[in-house]
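Q: What follows is a single structure, and I will ask about it in a moment.
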Amino acid sequence: MISLLKYRAALIAVIFGLFGGAISHLLKIEELTFYYTALASIIALVVNLMVSFMLKGRWNTHVKYSLKAVCLFLFAGLILILYTHTRYFLEGTFPYKDFEGQVSYYIKGTEYTPVAKAFKLENPYIHSDEDLIREGFGSPDEKDKVWTQDSINKVWMKLITSYCLIVILFVALISVLIEILMTKYGKSTKKLIEEI
Amino acid sequence: MTKDLVAAFDQTLQEITVAKRIEPTQLALLEGIAANLSELLSETGILTFRMEKDRLLALAAPDLEEPYPTYLSTRLNETDLPSVELSLLRFETMAPSNTMDFAFAVYMYSENGELITEGPKVEGKFTVRYVLPALKDFENAYHTIRTPATYAVAAFPPAKMFFVVEDMNGNRMNVQYPTIDFREEFAKPQLYNEDQVIVVPLRISP
């Protein structure tokens with residue numbers, strides 16, 4: 001039992017470590033660093049075990065074609081959610097440079113507070129949210145004075161949800177492919193790897 | 001190196017799949033490979049915990065060691081430095097630089113136009129208060145630096161702040177440039193005090 005969990009956890013660690021930690025970088029928002037790393041690992045482990053369990057059973061032509069359809073569906077879903085997440089990221093965050101010029105991203109809201117609206121009216125040269133923070137509100141710590149807390153929470157939920165969906169679809173697709181290729185087509189897969 | 005690790009991982013996985021059981025040695029091997037791959041391929045993999053980040057920052061920039069907890073000095077050891085580029089660590093450990101200390105000095109123009117930068121007329125005679133520029137109309141939003149200028153020291157983010165200078169009776173003085181951009185002050189510092197803190201002059205007229 002423990003061995004099974006450890007083996008799965010090691011597999012997840014490799015999936016997350018590959019491609020320079022690509023999955024972790026999809027939501028590189030300063031405030032959420034620890035939250036999403038933990039969240040992604042938990043989701044990935046559960047999805048991986050669920051896929052492994054669901055693939056148990058008799059292997060026949062019907063199952064084979066169904067799994068091909070599932071893989072195509074997962075792939076299409078993954079592309080769609082990657083696009084959606086990128087859009088949410090662009091719309092829902094603002095960059096902020098520190099003293100050394102390093103940029104961090106922070107979640108913003110969608111509805112300005114009356115103070116922020118008044119400040120923007122007084123300073124028509126301000127166009128970006130980064131400038132609005134820097135010119136009038138100091139640092140991202142003061143963002144609740146710029147946007148209403150409710151609108152910040154809504155953006156936060158959208159980003160976390162889209163990120164979770166990416167992790168679910170990505171891990172599910174990879175898990176299904178690994179399980180099928182290694183257990184049902186082990187010989188041909190091994191031969192292909194050796195040729196490479 | 002990475003290719004070898006992935007090949008070894010793959011080989012072990014295949015053996016497990018064929019045998020349909022996992023031996024403790026195989027499990028240990030997989031864990032070891034996974035840990036090594038994480039370190040090799042993910043810049044952030046070894047920087048998960050704050051203590052580790054602080055320790056690496058201290059190794060990367062010894063002159064920044066002082067503000068960190070005392071465990072740094074006792075645990076600091078060059079042999080602990082992992083085999084990664086220090087430039088990468090600097091990128092990951094940027095959080096402590098979100099604010100920086102600045103020292104404020106009050107310079108006063110005399111009646112004949114002479115700028116007084118030190119002495120009993122300006123030192124210890126004025127209190128510096130600041131506020132976010134968007135909130136300057138809200139008196140309750142102002143912060144007061146406890147020690148009077150010269151030097152009143154406080155930490156600020158790389159952004160603009162609005163300043164007022166008051167004498168000891170609470171009378172507000174006329175500040176020549178009340179809005180200070182701290183990113184510019186950091187980029188082009190004119191003066192440092194004896195503690196090597198950037199000095200920001202606030203020019204007032206009587």
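Residue numbering restarts at 1 for every chain of the structure tokens, chains are lettered A, B, ... in their displayed order, and ligands are numbered from 1 as they appear.
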Report the residues of chain A whose backbone DSSP state falls under helix (DSSP H, G or I), written as an MDAnalysis selection string.

A: chainID A and resid 2:25 30:54 61:92 114:122 129:137 140:145 149:183 186:195

Q: Just the residues within 6 Å of segment 123-139 of chain A, please, counting only C-alpha atoms, with nothing from its chain fewer than 4 positions along; format it as a VMD selection string.

A: chain B and resid 132 to 134 159 to 160

Q: Identify which of the residues B:Leu29, B:Met168, B:Val122, B:Ile198 lies closest to chain A, counting only C-alpha atoms when measuring atom-to-atom distances.

A: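 Among the listed residues, B:Leu29 lies closest to chain A.
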
Q: Please identify the strand (DSSP E or B) residues within segment 75-177 of chain A (assignment by DSSP from backbone atoms) and present them as an MDAnalysis selection string.

A: chainID A and resid 93:97 103:107 112 147

Q: Let me see the file: selected residues, C-alpha atoms, as an mmCIF file, in the first residue's frame.

A:
```cif
data_model
loop_
_atom_site.group_PDB
_atom_site.id
_atom_site.type_symbol
_atom_site.label_atom_id
_atom_site.label_comp_id
_atom_site.auth_asym_id
_atom_site.auth_seq_id
_atom_site.Cartn_x
_atom_site.Cartn_y
_atom_site.Cartn_z
ATOM 1 C CA THR A 93 -2.723 39.627 -12.939
ATOM 2 C CA PHE A 94 -0.481 42.653 -12.978
ATOM 3 C CA PRO A 95 3.332 42.771 -13.020
ATOM 4 C CA TYR A 96 5.307 44.569 -10.333
ATOM 5 C CA LYS A 97 9.035 45.271 -10.484
ATOM 6 C CA VAL A 103 9.122 41.170 -12.167
ATOM 7 C CA SER A 104 6.608 39.319 -9.996
ATOM 8 C CA TYR A 105 2.959 38.786 -10.833
ATOM 9 C CA TYR A 106 0.078 39.496 -8.471
ATOM 10 C CA ILE A 107 -3.632 38.839 -8.722
ATOM 11 C CA TYR A 112 -11.913 49.517 -9.002
ATOM 12 C CA TRP A 147 -9.883 46.726 -6.338
#
```

Q: Please compute the atom CA of Val46 of chain A-atom CA of Ala76 of chain A distance, one decimal, in Å.

A: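 One can read the atom CA of Val46 of chain A to atom CA of Ala76 of chain A distance as 21.5 Å.
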
Q: Applying 8 Å and only C-alpha atoms, which residues near Ser162 of chain A remain after dropping the ones on its own chain fewer than 2 positions away? List them as JSON, numbers by chain.

A: {"A": [81, 84, 85, 158, 159, 160, 164, 165, 166]}

Q: Go ahead and save the picked residues with all heavy atoms, as a short mmCIF file (atom, residue, chain, number, x, y, z; two decimals), in the first residue's frame.

A:
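Result file follows (result-v5.cif):
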```
data_model
loop_
_atom_site.label_atom_id
_atom_site.label_comp_id
_atom_site.auth_asym_id
_atom_site.auth_seq_id
_atom_site.Cartn_x
_atom_site.Cartn_y
_atom_site.Cartn_z
N ILE A 81 -8.06 24.40 -22.31
CA ILE A 81 -7.90 24.97 -20.97
C ILE A 81 -6.57 25.74 -20.86
O ILE A 81 -6.49 26.72 -20.11
CB ILE A 81 -8.02 23.87 -19.88
CG1 ILE A 81 -8.29 24.53 -18.50
CG2 ILE A 81 -6.81 23.01 -19.79
CD1 ILE A 81 -9.60 25.25 -18.40
N THR A 84 -7.46 29.06 -22.24
CA THR A 84 -8.31 29.80 -21.28
C THR A 84 -7.48 30.29 -20.10
O THR A 84 -7.63 31.44 -19.67
CB THR A 84 -9.42 28.87 -20.77
OG1 THR A 84 -10.08 28.29 -21.88
CG2 THR A 84 -10.43 29.64 -19.93
N HIS A 85 -6.61 29.43 -19.60
CA HIS A 85 -5.80 29.81 -18.44
C HIS A 85 -4.86 30.98 -18.78
O HIS A 85 -4.70 31.90 -17.98
CB HIS A 85 -4.99 28.60 -17.97
CG HIS A 85 -4.10 28.91 -16.80
ND1 HIS A 85 -4.58 29.14 -15.54
CD2 HIS A 85 -2.75 29.05 -16.72
CE1 HIS A 85 -3.58 29.40 -14.73
NE2 HIS A 85 -2.46 29.36 -15.42
N LYS A 158 -10.95 31.92 -10.39
CA LYS A 158 -10.86 31.57 -11.81
C LYS A 158 -9.48 31.00 -12.14
O LYS A 158 -9.35 29.98 -12.82
CB LYS A 158 -11.12 32.81 -12.68
CG LYS A 158 -12.60 33.06 -12.95
CD LYS A 158 -12.85 34.42 -13.52
CE LYS A 158 -12.44 34.58 -14.95
NZ LYS A 158 -12.83 35.90 -15.51
N LEU A 159 -8.44 31.65 -11.62
CA LEU A 159 -7.07 31.21 -11.90
C LEU A 159 -6.79 29.83 -11.29
O LEU A 159 -6.20 28.97 -11.93
CB LEU A 159 -6.06 32.23 -11.38
CG LEU A 159 -5.85 33.44 -12.27
CD1 LEU A 159 -5.15 34.56 -11.52
CD2 LEU A 159 -5.04 33.07 -13.50
N ILE A 160 -7.21 29.65 -10.06
CA ILE A 160 -6.97 28.36 -9.39
C ILE A 160 -7.74 27.25 -10.11
O ILE A 160 -7.22 26.15 -10.32
CB ILE A 160 -7.40 28.45 -7.90
CG1 ILE A 160 -6.38 29.25 -7.11
CG2 ILE A 160 -7.55 27.06 -7.29
CD1 ILE A 160 -5.04 28.58 -6.92
N CYS A 164 -6.10 24.04 -11.90
CA CYS A 164 -6.42 22.68 -11.47
C CYS A 164 -6.87 21.83 -12.66
O CYS A 164 -6.51 20.66 -12.78
CB CYS A 164 -7.53 22.69 -10.41
SG CYS A 164 -6.96 23.28 -8.83
N LEU A 165 -7.65 22.44 -13.55
CA LEU A 165 -8.12 21.70 -14.73
C LEU A 165 -6.94 21.31 -15.63
O LEU A 165 -6.93 20.22 -16.19
CB LEU A 165 -9.14 22.54 -15.51
CG LEU A 165 -10.54 22.58 -14.89
CD1 LEU A 165 -11.41 23.60 -15.60
CD2 LEU A 165 -11.20 21.21 -14.94
N ILE A 166 -5.97 22.21 -15.75
CA ILE A 166 -4.77 21.87 -16.54
C ILE A 166 -4.07 20.66 -15.95
O ILE A 166 -3.72 19.71 -16.65
CB ILE A 166 -3.80 23.07 -16.59
CG1 ILE A 166 -4.35 24.17 -17.49
CG2 ILE A 166 -2.42 22.63 -17.12
CD1 ILE A 166 -3.50 25.42 -17.50
#
```

Q: When you look at Gln149 of chain A with a cut-off of 12 Å (counting only C-alpha atoms), what residues show up, excluding the ones that are within fewer than 2 positions of it in the same chain? I need them as a ChimeraX atom specification.

A: /A:107-113,142-147,151-156

Q: Could you dump the residues just selected with N, CA and C atoms as a PDB file, in the first residue's frame?

A:
```
ATOM      1  N   ILE A 107      -2.237  38.890  -8.276  1.00  0.00           N
ATOM      2  CA  ILE A 107      -3.632  38.839  -8.722  1.00  0.00           C
ATOM      3  C   ILE A 107      -4.290  40.202  -8.512  1.00  0.00           C
ATOM      4  N   LYS A 108      -5.051  40.633  -9.506  1.00  0.00           N
ATOM      5  CA  LYS A 108      -5.788  41.884  -9.349  1.00  0.00           C
ATOM      6  C   LYS A 108      -7.288  41.588  -9.360  1.00  0.00           C
ATOM      7  N   GLY A 109      -8.088  42.634  -9.223  1.00  0.00           N
ATOM      8  CA  GLY A 109      -9.531  42.466  -9.278  1.00  0.00           C
ATOM      9  C   GLY A 109     -10.078  42.981 -10.599  1.00  0.00           C
ATOM     10  N   THR A 110     -11.393  43.035 -10.695  1.00  0.00           N
ATOM     11  CA  THR A 110     -12.005  43.532 -11.933  1.00  0.00           C
ATOM     12  C   THR A 110     -12.761  44.839 -11.696  1.00  0.00           C
ATOM     13  N   GLU A 111     -12.982  45.176 -10.427  1.00  0.00           N
ATOM     14  CA  GLU A 111     -13.773  46.373 -10.130  1.00  0.00           C
ATOM     15  C   GLU A 111     -12.954  47.324  -9.246  1.00  0.00           C
ATOM     16  N   TYR A 112     -12.696  48.540  -9.760  1.00  0.00           N
ATOM     17  CA  TYR A 112     -11.913  49.517  -9.002  1.00  0.00           C
ATOM     18  C   TYR A 112     -12.719  50.077  -7.829  1.00  0.00           C
ATOM     19  N   THR A 113     -12.007  50.426  -6.772  1.00  0.00           N
ATOM     20  CA  THR A 113     -12.646  51.102  -5.638  1.00  0.00           C
ATOM     21  C   THR A 113     -12.869  52.572  -6.012  1.00  0.00           C
ATOM     22  N   GLU A 142      -1.177  46.705  -1.032  1.00  0.00           N
ATOM     23  CA  GLU A 142      -2.283  47.658  -0.887  1.00  0.00           C
ATOM     24  C   GLU A 142      -3.350  47.459  -1.963  1.00  0.00           C
ATOM     25  N   LYS A 143      -3.331  46.310  -2.626  1.00  0.00           N
ATOM     26  CA  LYS A 143      -4.236  46.162  -3.779  1.00  0.00           C
ATOM     27  C   LYS A 143      -5.708  46.154  -3.383  1.00  0.00           C
ATOM     28  N   ASP A 144      -6.005  45.832  -2.125  1.00  0.00           N
ATOM     29  CA  ASP A 144      -7.417  45.885  -1.719  1.00  0.00           C
ATOM     30  C   ASP A 144      -7.937  47.318  -1.626  1.00  0.00           C
ATOM     31  N   LYS A 145      -7.038  48.291  -1.734  1.00  0.00           N
ATOM     32  CA  LYS A 145      -7.468  49.692  -1.817  1.00  0.00           C
ATOM     33  C   LYS A 145      -7.718  50.078  -3.280  1.00  0.00           C
ATOM     34  N   VAL A 146      -7.254  49.237  -4.216  1.00  0.00           N
ATOM     35  CA  VAL A 146      -7.413  49.525  -5.652  1.00  0.00           C
ATOM     36  C   VAL A 146      -8.625  48.790  -6.227  1.00  0.00           C
ATOM     37  N   TRP A 147      -8.752  47.531  -5.847  1.00  0.00           N
ATOM     38  CA  TRP A 147      -9.883  46.726  -6.338  1.00  0.00           C
ATOM     39  C   TRP A 147     -10.695  46.220  -5.150  1.00  0.00           C
ATOM     40  N   SER A 151     -14.082  41.283  -6.051  1.00  0.00           N
ATOM     41  CA  SER A 151     -13.623  41.063  -7.432  1.00  0.00           C
ATOM     42  C   SER A 151     -12.246  40.386  -7.452  1.00  0.00           C
ATOM     43  N   ILE A 152     -11.398  40.669  -6.453  1.00  0.00           N
ATOM     44  CA  ILE A 152     -10.095  39.976  -6.364  1.00  0.00           C
ATOM     45  C   ILE A 152     -10.322  38.484  -6.119  1.00  0.00           C
ATOM     46  N   ASN A 153     -11.260  38.171  -5.218  1.00  0.00           N
ATOM     47  CA  ASN A 153     -11.542  36.761  -4.911  1.00  0.00           C
ATOM     48  C   ASN A 153     -12.050  36.007  -6.140  1.00  0.00           C
ATOM     49  N   LYS A 154     -12.867  36.682  -6.948  1.00  0.00           N
ATOM     50  CA  LYS A 154     -13.408  36.023  -8.140  1.00  0.00           C
ATOM     51  C   LYS A 154     -12.289  35.668  -9.128  1.00  0.00           C
ATOM     52  N   VAL A 155     -11.366  36.594  -9.324  1.00  0.00           N
ATOM     53  CA  VAL A 155     -10.240  36.333 -10.235  1.00  0.00           C
ATOM     54  C   VAL A 155      -9.373  35.205  -9.681  1.00  0.00           C
ATOM     55  N   TRP A 156      -9.149  35.251  -8.387  1.00  0.00           N
ATOM     56  CA  TRP A 156      -8.354  34.223  -7.698  1.00  0.00           C
ATOM     57  C   TRP A 156      -8.949  32.836  -7.948  1.00  0.00           C
TER      58      TRP A 156
END
```

Q: With only C-alpha atoms as the basis for distance, which of B:Ile16, B:Ala155, B:Val175, B:Leu30 is at the shortest distance from chain A?

A: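 That would be B:Leu30, the residue with the smallest distance to chain A.
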
Q: Return the single residue from A:Ile178, A:Leu169, A:Val63, A:Leu80 that is closest to chain B, with distances computed using only C-alpha atoms.

A: A:Ile178

Q: Find the residues near Phe99 of chain A: any atom within 9 Å, counting only C-alpha atoms, skip ones fewer than 4 places away on the same chain, and give them as number ranges by chain.

A: B: 97-100, 157-158, 182-183, 186-187

Q: When you look at Met173 of chain B with a cut-off of 7 Å (counting only C-alpha atoms), what residues show up, excluding the ones that are within fewer than 5 positions of it in the same chain? I need them as a PyMOL selection string.

A: chain B and resi 165-166+204+206

Q: Neighbouring residues of segment 9-14 of chain A were defined as those with any atom within 9 Å, considering only C-alpha atoms; residues of the same chain fewer than 6 positions away were excluded. Please report them as a list in words.

A: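 Near neighbours after the sequence-gap exclusion: Ser41, Ala44, Leu45, Asn48 and Val171 of chain A; Val6, Leu27, Leu30, Glu31, Gly32, Ile33, Ala34, Ala35, Leu37 and Ser38 of chain B.
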
Q: Could you jot down the atom CA of Leu173 of chain A to atom CA of Cys71 of chain A separation for me, Å, one decimal place?

A: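 So the two atoms, atom CA of Leu173 of chain A and atom CA of Cys71 of chain A, lie 6.2 Å apart.
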
Q: Could you work out how far atom CA of Phe156 of chain B lies from atom CA of Gly170 of chain B, giving the answer in Å with one decimal?

A: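 The value is 23.5 Å.
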
Q: Between A:Leu121, A:Val51, A:Leu177, A:Val167, which has the minimum distance to chain B (counting only C-alpha atoms)?

A: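 Distance minimum relative to chain B lands on A:Leu121.
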
Q: Give the answer as one residue: which of B:Thr117, B:Asn193, B:Asn140, B:Asn36 has the shortest atom-to-atom distance to chain A, using only C-alpha atoms?

A: B:Asn36
